Amino acid sequence: MANDNNVRLHRELTHELNRMQAGGTSYRQETALMALALSRHVSVPESLQDRETARRYVRAAQLNMHEDRVEDVAKMLSMAARRAYSTPETAFSVDMKVQLEEKRNRFKTRGLRVKS
């Protein structure tokens, strides 16, 4: 691996691969394996949060794969990077959590459905 920063992305992709092996199609399992293999060589894993950057990275690897597979691997890389490097709600400050709860309550009173 390039550095310790890749560990979070690698862990997320390993989790995804394990999930796919437990019930995913062979196509999705292969996609997860390719994404995991490509993630080991990326120098700035946070940049993969952008789908277009991930797509360019997969194409630059010059693996002999169909365009649909390139798109699927790029999507898996970008989603894993977002999960790995986005700030989870549990890490928010108390003030931010209060603001989020107030916002959810405002939406609930208007009858809009909100994920909690």
# chains A, B, ... in the order shown; residues from 1 in each chain; ligands from 1
>>> residues_around(residues="Gln21 in chain A", least_positions_apart="5", cutoff="12 Å", atoms="only C-alpha atoms", output="list in words")
Thr14, His15, Glu16, Ser26, Tyr27, Arg28, Gln29, Glu30, Thr31, Ala32 and Leu33 of chain A
>>> residues_around(residues="range 51-55 of chain A", least_positions_apart="3", cutoff="8 Å", atoms="only C-alpha atoms", output="PDB file with N, CA and C atoms, in the first residue's frame")
ATOM      1  N   SER A  47      -9.339  11.228  -3.258  1.00  0.00           N
ATOM      2  CA  SER A  47      -9.737  11.775  -4.548  1.00  0.00           C
ATOM      3  C   SER A  47     -10.732  10.868  -5.270  1.00  0.00           C
ATOM      4  N   LEU A  48     -10.803   9.611  -4.887  1.00  0.00           N
ATOM      5  CA  LEU A  48     -11.726   8.679  -5.530  1.00  0.00           C
ATOM      6  C   LEU A  48     -13.176   8.916  -5.131  1.00  0.00           C
ATOM      7  N   VAL A  58      -9.502   4.217 -13.099  1.00  0.00           N
ATOM      8  CA  VAL A  58      -9.715   2.842 -13.565  1.00  0.00           C
ATOM      9  C   VAL A  58      -9.289   2.714 -15.022  1.00  0.00           C
ATOM     10  N   ARG A  59      -9.632   3.698 -15.837  1.00  0.00           N
ATOM     11  CA  ARG A  59      -9.219   3.656 -17.248  1.00  0.00           C
ATOM     12  C   ARG A  59      -7.701   3.726 -17.387  1.00  0.00           C
ATOM     13  N   VAL A  70     -15.709  -0.978 -16.360  1.00  0.00           N
ATOM     14  CA  VAL A  70     -14.963   0.206 -15.913  1.00  0.00           C
ATOM     15  C   VAL A  70     -15.874   1.085 -15.066  1.00  0.00           C
ATOM     16  N   GLU A  71     -17.093   1.283 -15.554  1.00  0.00           N
ATOM     17  CA  GLU A  71     -18.061   2.127 -14.826  1.00  0.00           C
ATOM     18  C   GLU A  71     -18.409   1.514 -13.477  1.00  0.00           C
ATOM     19  N   VAL A  73     -16.612  -0.643 -11.616  1.00  0.00           N
ATOM     20  CA  VAL A  73     -15.459  -0.599 -10.711  1.00  0.00           C
ATOM     21  C   VAL A  73     -15.266   0.824 -10.184  1.00  0.00           C
ATOM     22  N   ALA A  74     -15.412   1.813 -11.071  1.00  0.00           N
ATOM     23  CA  ALA A  74     -15.279   3.212 -10.648  1.00  0.00           C
ATOM     24  C   ALA A  74     -16.355   3.570  -9.633  1.00  0.00           C
ATOM     25  N   LYS A  75     -17.572   3.095  -9.856  1.00  0.00           N
ATOM     26  CA  LYS A  75     -18.664   3.373  -8.914  1.00  0.00           C
ATOM     27  C   LYS A  75     -18.377   2.741  -7.554  1.00  0.00           C
ATOM     28  N   LEU A  77     -15.432   1.968  -6.302  1.00  0.00           N
ATOM     29  CA  LEU A  77     -14.331   2.710  -5.682  1.00  0.00           C
ATOM     30  C   LEU A  77     -14.812   4.028  -5.090  1.00  0.00           C
ATOM     31  N   SER A  78     -15.630   4.758  -5.841  1.00  0.00           N
ATOM     32  CA  SER A  78     -16.074   6.070  -5.351  1.00  0.00           C
ATOM     33  C   SER A  78     -17.009   5.933  -4.155  1.00  0.00           C
TER      34      SER A  78
END
>>> select_by_dssp(residues="chain A", states="alpha helix (DSSP H)", output="JSON, numbers by chain")
{"A": [6, 7, 8, 9, 10, 11, 12, 13, 14, 15, 16, 17, 18, 19, 20, 21, 22, 23, 26, 27, 28, 29, 30, 31, 32, 33, 34, 35, 36, 37, 38, 39, 51, 52, 53, 54, 55, 56, 57, 58, 59, 60, 67, 68, 69, 70, 71, 72, 73, 74, 75, 76, 77, 78, 79, 80, 81, 82, 83, 84, 85, 94, 95, 96, 97, 98, 99, 100, 101, 102, 103, 104, 105, 106, 107, 108, 109]}
>>> closest_residue(among="A:Ser93, A:Asn6, A:Asn64, A:Thr25", to="Val44 in chain A", atoms="only C-alpha atoms")
A:Asn6
